[in-house]
>>> print(open('entry23.cif').read())   # mmCIF, C-alpha atoms
data_run
#
loop_
_atom_site.label_atom_id
_atom_site.label_comp_id
_atom_site.auth_asym_id
_atom_site.auth_seq_id
_atom_site.Cartn_x
_atom_site.Cartn_y
_atom_site.Cartn_z
CA MET C 1 -47.83 229.88 -31.89
CA SER C 2 -48.44 233.16 -33.67
CA ASP C 3 -45.83 235.85 -34.25
CA ASP C 4 -47.55 237.99 -31.60
CA ASP C 5 -47.34 235.17 -29.07
CA ARG C 6 -43.64 234.60 -29.84
CA LEU C 7 -42.93 238.30 -29.49
CA LEU C 8 -44.80 238.42 -26.19
CA ALA C 9 -42.93 235.33 -24.92
CA ARG C 10 -39.64 236.95 -25.91
CA TYR C 11 -40.65 240.10 -24.07
CA GLU C 12 -41.52 238.11 -20.94
CA ARG C 13 -38.15 236.25 -21.07
CA MET C 14 -36.31 239.54 -21.46
CA ARG C 15 -38.26 241.06 -18.58
CA ALA C 16 -37.36 238.10 -16.33
CA GLU C 17 -33.68 238.32 -17.33
CA ILE C 18 -33.65 242.04 -16.64
CA ALA C 19 -35.24 241.47 -13.24
CA LEU C 20 -32.48 239.00 -12.37
CA ARG C 21 -29.82 241.45 -13.49
CA ALA C 22 -31.46 244.15 -11.39
CA VAL C 23 -31.28 241.94 -8.31
CA ALA C 24 -27.59 241.21 -9.01
CA ARG C 25 -26.92 244.94 -9.46
CA ASP C 26 -28.71 245.73 -6.20
CA CYS C 27 -26.64 243.12 -4.38
CA ALA C 28 -23.37 244.42 -5.83
CA THR C 29 -24.30 248.00 -4.99
CA SER C 30 -25.35 247.07 -1.45
CA GLU C 31 -22.12 245.16 -0.93
CA ALA C 32 -20.04 248.09 -2.21
CA LEU C 33 -21.94 250.44 0.09
CA ALA C 34 -21.36 248.15 3.08
CA ASP C 35 -17.63 248.02 2.24
CA GLN C 36 -17.60 251.81 1.97
CA ARG C 37 -19.27 252.21 5.37
CA ALA C 38 -16.87 249.74 6.99
CA ALA C 39 -13.86 251.54 5.52
CA HIS C 40 -15.21 254.87 6.73
CA ARG C 41 -15.73 253.44 10.24
CA ALA C 42 -12.16 252.08 10.24
CA GLU C 43 -10.77 255.42 9.13
CA THR C 44 -12.81 257.25 11.76
CA GLN C 45 -11.67 254.87 14.51
CA ALA C 46 -8.04 255.28 13.44
CA TRP C 47 -8.44 259.07 13.47
CA LEU C 48 -10.03 259.05 16.93
CA HIS C 49 -7.23 256.85 18.26
CA LEU C 50 -4.61 259.17 16.75
CA SER C 51 -6.37 262.22 18.23
CA GLU C 52 -6.40 260.63 21.68
CA LEU C 53 -2.71 259.84 21.46
CA ARG C 54 -1.88 263.36 20.29
CA GLU C 55 -3.77 264.78 23.26
CA ALA C 56 -1.97 262.42 25.60
CA ARG C 57 1.36 263.38 24.05
CA ARG C 58 0.61 267.08 24.58
CA ALA C 59 -0.28 266.36 28.18
CA ALA C 60 2.94 264.38 28.73
CA PRO C 61 5.51 265.72 26.24
CA GLY C 62 8.38 263.79 27.83
CA ASP C 63 6.74 260.36 27.46
CA LEU C 64 8.57 258.83 24.51
CA SER C 65 6.23 255.84 24.42
CA LEU C 66 3.40 258.24 23.51
CA VAL C 67 5.49 259.72 20.71
CA ALA C 68 6.09 256.24 19.25
CA ALA C 69 2.45 255.24 19.73
CA ALA C 70 1.24 258.45 18.05
CA ASP C 71 3.58 257.84 15.12
CA GLN C 72 2.22 254.31 14.73
CA ALA C 73 -1.35 255.57 15.05
CA GLU C 74 -0.71 258.19 12.39
CA ALA C 75 0.63 255.52 10.03
CA ALA C 76 -2.41 253.34 10.77
CA TRP C 77 -4.75 256.27 10.11
CA GLN C 78 -3.00 257.07 6.81
CA THR C 79 -3.32 253.42 5.75
CA ALA C 80 -7.02 253.39 6.72
CA ARG C 81 -7.56 256.67 4.86
CA ASP C 82 -5.87 255.36 1.71
CA ALA C 83 -7.91 252.16 1.90
CA ALA C 84 -11.14 254.15 2.36
CA GLU C 85 -10.34 256.30 -0.67
CA GLU C 86 -9.74 253.22 -2.82
CA ILE C 87 -12.94 251.58 -1.59
CA ASN C 88 -14.84 254.82 -2.30
CA ARG C 89 -13.51 254.80 -5.88
CA LYS C 90 -14.57 251.18 -6.31
CA ALA C 91 -18.02 251.85 -4.84
CA SER C 92 -18.46 254.81 -7.16
CA GLU C 93 -17.54 252.63 -10.12
CA VAL C 94 -20.01 249.93 -9.06
CA ALA C 95 -22.76 252.53 -8.70
CA ARG C 96 -21.93 254.15 -12.06
CA ARG C 97 -21.89 250.79 -13.83
CA ALA C 98 -25.18 249.76 -12.16
CA LEU C 99 -26.82 252.98 -13.31
CA GLU C 100 -25.58 252.54 -16.89
CA GLU C 101 -26.73 248.92 -17.00
CA SER C 102 -30.10 249.83 -15.51
CA GLU C 103 -30.60 252.56 -18.10
CA ALA C 104 -29.68 250.15 -20.91
CA ASP C 105 -32.06 247.50 -19.57
CA SER C 106 -34.85 250.08 -19.27
CA ARG C 107 -34.30 251.12 -22.88
CA LEU C 108 -34.41 247.50 -24.07
CA LEU C 109 -37.56 246.76 -22.13
CA ARG C 110 -39.26 249.95 -23.32
CA GLU C 111 -38.37 249.21 -26.95
CA MET C 112 -39.56 245.61 -26.73
CA GLY C 113 -42.75 246.73 -24.98
CA SER C 114 -43.40 249.18 -27.80
CA ARG C 115 -42.97 246.41 -30.34
CA VAL C 116 -45.39 244.17 -28.45
CA ARG C 117 -48.00 246.95 -28.23
CA ALA C 118 -47.58 247.77 -31.94
CA ALA C 119 -47.98 244.10 -32.87
CA ARG C 120 -51.13 243.83 -30.76
CA LEU C 121 -52.63 246.93 -32.32
CA ALA C 122 -51.79 245.67 -35.82
CA SER C 123 -53.39 242.29 -35.16
CA ARG C 124 -56.63 243.94 -33.94
CA ARG C 125 -57.05 246.05 -37.05
CA PRO C 126 -59.40 244.61 -39.62
CA ALA C 127 -57.73 243.38 -42.79
CA SER C 128 -58.26 245.71 -45.74
#
>>> encode(input="entry23.cif", output="structure tokens")
Amino acid sequence: MSDDDRLLARYERMRAEIALRAVARDCATSEALADQRAAHRAETQAWLHLSELREARRAAPGDLSLVAAADQAEAAWQTARDAAEEINRKASEVARRALEESEADSRLLREMGSRVRAARLASRRPAS
């Protein structure tokens, strides 16, 4: 096997490895996005429930059960909001890391591709 063939084989292995990493990054990013959406839905549902209870409490200010329920709903909404914020931070980190890794992989592939092209051009030149 010539040096050109070894270089090309190395390039192809690297390209396959990078493709696998890209799939893993896509999966991690998709999972983080799904978690983010679920957390947002939970926060929204908690907020809607709290809003309904606040309205009911305004309509019946003497109903102490509504006061207690609204307090519990507010605590649940705050918990859901805090969880959503944390999940958003994690999703942002996953996306940032995926972008950085993708850029690094692109650089590696571009550099190796340049080396392969240079080797091919050099091997086609007549010997002087």
>>> closest_residue(input="entry23.cif", among="C:Val23, C:Leu48, C:Ala9, C:Ala16", to="Ser102 of chain C", atoms="only C-alpha atoms")
C:Val23
>>> resolve_selection(input="entry23.cif", expression="the PyMOL selection byres ((chain C and resi 74) around 12)", output="VMD selection string")
chain C and resid 43 45 to 54 66 to 73 75 to 81
>>> residues_around(input="entry23.cif", residues="segment 31-33 of chain C", least_positions_apart="3", cutoff="8 Å", atoms="only C-alpha atoms", output="PDB file with C-alpha atoms, in the frame of the given file")
ATOM      1  CA  CYS C  27     -26.640 243.120  -4.380  1.00  0.00           C
ATOM      2  CA  ALA C  28     -23.370 244.420  -5.830  1.00  0.00           C
ATOM      3  CA  GLN C  36     -17.600 251.810   1.970  1.00  0.00           C
ATOM      4  CA  ARG C  37     -19.270 252.210   5.370  1.00  0.00           C
ATOM      5  CA  ILE C  87     -12.940 251.580  -1.590  1.00  0.00           C
ATOM      6  CA  LYS C  90     -14.570 251.180  -6.310  1.00  0.00           C
ATOM      7  CA  ALA C  91     -18.020 251.850  -4.840  1.00  0.00           C
ATOM      8  CA  VAL C  94     -20.010 249.930  -9.060  1.00  0.00           C
TER       9      VAL C  94
END
>>> closest_residue(input="entry23.cif", among="C:Ala119, C:Glu85, C:Arg21, C:Ala38", to="Glu101 of chain C", atoms="only C-alpha atoms")
C:Arg21
>>> resolve_selection(input="entry23.cif", expression="the PyMOL selection byres ((chain C and resi 4) around 8)", output="PyMOL selection string")
chain C and resi 2-3+5-8+116+119-120
>>> atom_distance(input="entry23.cif", atom1="atom CA of Tyr11 of chain C", atom2="atom CA of Asp105 of chain C")
12.2 Å
>>> closest_residue(input="entry23.cif", among="C:Ser123, C:Ala84, C:Met112, C:Arg96", to="Thr44 of chain C", atoms="only C-alpha atoms")
C:Ala84
>>> atom_distance(input="entry23.cif", atom1="atom CA of Ala39 of chain C", atom2="atom CA of Ala95 of chain C")
16.8 Å
>>> atom_distance(input="entry23.cif", atom1="atom CA of Ala104 of chain C", atom2="atom CA of Ile18 of chain C")
10.0 Å
>>> closest_residue(input="entry23.cif", among="C:Leu20, C:Ala83, C:Met1, C:Ala56", to="Asp35 of chain C", atoms="only C-alpha atoms")
C:Ala83
>>> axis_aligned_box(input="entry23.cif", around="segment 52-62 of chain C", padding_each_side="5 Å", output="JSON")
{"center_x": 1.0, "center_y": 263.5, "center_z": 24.5, "size_x": 24.8, "size_y": 17.2, "size_z": 18.4}
>>> build_atoms(input="entry23.cif", residues="segment 76-97 of chain C", atoms="N, CA, C and O atoms", output="PDB file, in the frame of the given file")
ATOM      1  N   ALA C  76      -1.201 254.175  10.884  1.00  0.00           N
ATOM      2  CA  ALA C  76      -2.410 253.340  10.770  1.00  0.00           C
ATOM      3  C   ALA C  76      -3.565 254.157  10.194  1.00  0.00           C
ATOM      4  O   ALA C  76      -4.333 253.674   9.346  1.00  0.00           O
ATOM      5  N   TRP C  77      -3.692 255.412  10.638  1.00  0.00           N
ATOM      6  CA  TRP C  77      -4.750 256.270  10.110  1.00  0.00           C
ATOM      7  C   TRP C  77      -4.539 256.533   8.622  1.00  0.00           C
ATOM      8  O   TRP C  77      -5.481 256.471   7.830  1.00  0.00           O
ATOM      9  N   GLN C  78      -3.296 256.818   8.224  1.00  0.00           N
ATOM     10  CA  GLN C  78      -3.000 257.070   6.810  1.00  0.00           C
ATOM     11  C   GLN C  78      -3.339 255.837   5.961  1.00  0.00           C
ATOM     12  O   GLN C  78      -3.929 255.962   4.885  1.00  0.00           O
ATOM     13  N   THR C  79      -3.001 254.665   6.466  1.00  0.00           N
ATOM     14  CA  THR C  79      -3.320 253.420   5.750  1.00  0.00           C
ATOM     15  C   THR C  79      -4.840 253.250   5.634  1.00  0.00           C
ATOM     16  O   THR C  79      -5.358 252.904   4.567  1.00  0.00           O
ATOM     17  N   ALA C  80      -5.545 253.507   6.735  1.00  0.00           N
ATOM     18  CA  ALA C  80      -7.020 253.390   6.720  1.00  0.00           C
ATOM     19  C   ALA C  80      -7.619 254.422   5.774  1.00  0.00           C
ATOM     20  O   ALA C  80      -8.581 254.124   5.047  1.00  0.00           O
ATOM     21  N   ARG C  81      -7.062 255.625   5.756  1.00  0.00           N
ATOM     22  CA  ARG C  81      -7.560 256.670   4.860  1.00  0.00           C
ATOM     23  C   ARG C  81      -7.343 256.293   3.394  1.00  0.00           C
ATOM     24  O   ARG C  81      -8.248 256.439   2.558  1.00  0.00           O
ATOM     25  N   ASP C  82      -6.155 255.789   3.082  1.00  0.00           N
ATOM     26  CA  ASP C  82      -5.870 255.360   1.710  1.00  0.00           C
ATOM     27  C   ASP C  82      -6.797 254.227   1.285  1.00  0.00           C
ATOM     28  O   ASP C  82      -7.311 254.218   0.161  1.00  0.00           O
ATOM     29  N   ALA C  83      -7.009 253.274   2.203  1.00  0.00           N
ATOM     30  CA  ALA C  83      -7.910 252.160   1.900  1.00  0.00           C
ATOM     31  C   ALA C  83      -9.334 252.658   1.669  1.00  0.00           C
ATOM     32  O   ALA C  83     -10.022 252.221   0.735  1.00  0.00           O
ATOM     33  N   ALA C  84      -9.780 253.594   2.501  1.00  0.00           N
ATOM     34  CA  ALA C  84     -11.140 254.150   2.360  1.00  0.00           C
ATOM     35  C   ALA C  84     -11.290 254.875   1.025  1.00  0.00           C
ATOM     36  O   ALA C  84     -12.331 254.759   0.358  1.00  0.00           O
ATOM     37  N   GLU C  85     -10.276 255.608   0.624  1.00  0.00           N
ATOM     38  CA  GLU C  85     -10.340 256.300  -0.670  1.00  0.00           C
ATOM     39  C   GLU C  85     -10.449 255.311  -1.824  1.00  0.00           C
ATOM     40  O   GLU C  85     -11.222 255.520  -2.755  1.00  0.00           O
ATOM     41  N   GLU C  86      -9.681 254.239  -1.761  1.00  0.00           N
ATOM     42  CA  GLU C  86      -9.740 253.220  -2.820  1.00  0.00           C
ATOM     43  C   GLU C  86     -11.106 252.537  -2.840  1.00  0.00           C
ATOM     44  O   GLU C  86     -11.696 252.322  -3.900  1.00  0.00           O
ATOM     45  N   ILE C  87     -11.622 252.220  -1.674  1.00  0.00           N
ATOM     46  CA  ILE C  87     -12.940 251.580  -1.590  1.00  0.00           C
ATOM     47  C   ILE C  87     -14.017 252.544  -2.087  1.00  0.00           C
ATOM     48  O   ILE C  87     -14.964 252.133  -2.767  1.00  0.00           O
ATOM     49  N   ASN C  88     -13.888 253.819  -1.788  1.00  0.00           N
ATOM     50  CA  ASN C  88     -14.840 254.820  -2.300  1.00  0.00           C
ATOM     51  C   ASN C  88     -14.807 254.861  -3.822  1.00  0.00           C
ATOM     52  O   ASN C  88     -15.855 254.953  -4.469  1.00  0.00           O
ATOM     53  N   ARG C  89     -13.610 254.814  -4.406  1.00  0.00           N
ATOM     54  CA  ARG C  89     -13.510 254.800  -5.880  1.00  0.00           C
ATOM     55  C   ARG C  89     -14.195 253.564  -6.459  1.00  0.00           C
ATOM     56  O   ARG C  89     -14.934 253.661  -7.440  1.00  0.00           O
ATOM     57  N   LYS C  90     -13.942 252.422  -5.826  1.00  0.00           N
ATOM     58  CA  LYS C  90     -14.570 251.180  -6.310  1.00  0.00           C
ATOM     59  C   LYS C  90     -16.087 251.232  -6.170  1.00  0.00           C
ATOM     60  O   LYS C  90     -16.808 250.816  -7.077  1.00  0.00           O
ATOM     61  N   ALA C  91     -16.561 251.747  -5.053  1.00  0.00           N
ATOM     62  CA  ALA C  91     -18.020 251.850  -4.840  1.00  0.00           C
ATOM     63  C   ALA C  91     -18.646 252.792  -5.853  1.00  0.00           C
ATOM     64  O   ALA C  91     -19.738 252.522  -6.376  1.00  0.00           O
ATOM     65  N   SER C  92     -17.955 253.874  -6.150  1.00  0.00           N
ATOM     66  CA  SER C  92     -18.460 254.810  -7.160  1.00  0.00           C
ATOM     67  C   SER C  92     -18.540 254.145  -8.524  1.00  0.00           C
ATOM     68  O   SER C  92     -19.508 254.346  -9.277  1.00  0.00           O
ATOM     69  N   GLU C  93     -17.548 253.342  -8.844  1.00  0.00           N
ATOM     70  CA  GLU C  93     -17.540 252.630 -10.120  1.00  0.00           C
ATOM     71  C   GLU C  93     -18.681 251.615 -10.182  1.00  0.00           C
ATOM     72  O   GLU C  93     -19.363 251.487 -11.207  1.00  0.00           O
ATOM     73  N   VAL C  94     -18.899 250.894  -9.103  1.00  0.00           N
ATOM     74  CA  VAL C  94     -20.010 249.930  -9.060  1.00  0.00           C
ATOM     75  C   VAL C  94     -21.335 250.653  -9.259  1.00  0.00           C
ATOM     76  O   VAL C  94     -22.188 250.213 -10.033  1.00  0.00           O
ATOM     77  N   ALA C  95     -21.511 251.774  -8.579  1.00  0.00           N
ATOM     78  CA  ALA C  95     -22.760 252.530  -8.700  1.00  0.00           C
ATOM     79  C   ALA C  95     -22.936 253.091 -10.113  1.00  0.00           C
ATOM     80  O   ALA C  95     -24.034 253.027 -10.670  1.00  0.00           O
ATOM     81  N   ARG C  96     -21.858 253.613 -10.697  1.00  0.00           N
ATOM     82  CA  ARG C  96     -21.930 254.150 -12.060  1.00  0.00           C
ATOM     83  C   ARG C  96     -22.291 253.056 -13.051  1.00  0.00           C
ATOM     84  O   ARG C  96     -23.166 253.214 -13.894  1.00  0.00           O
ATOM     85  N   ARG C  97     -21.630 251.910 -12.917  1.00  0.00           N
ATOM     86  CA  ARG C  97     -21.890 250.790 -13.830  1.00  0.00           C
ATOM     87  C   ARG C  97     -23.329 250.283 -13.657  1.00  0.00           C
ATOM     88  O   ARG C  97     -24.011 249.989 -14.636  1.00  0.00           O
TER      89      ARG C  97
END
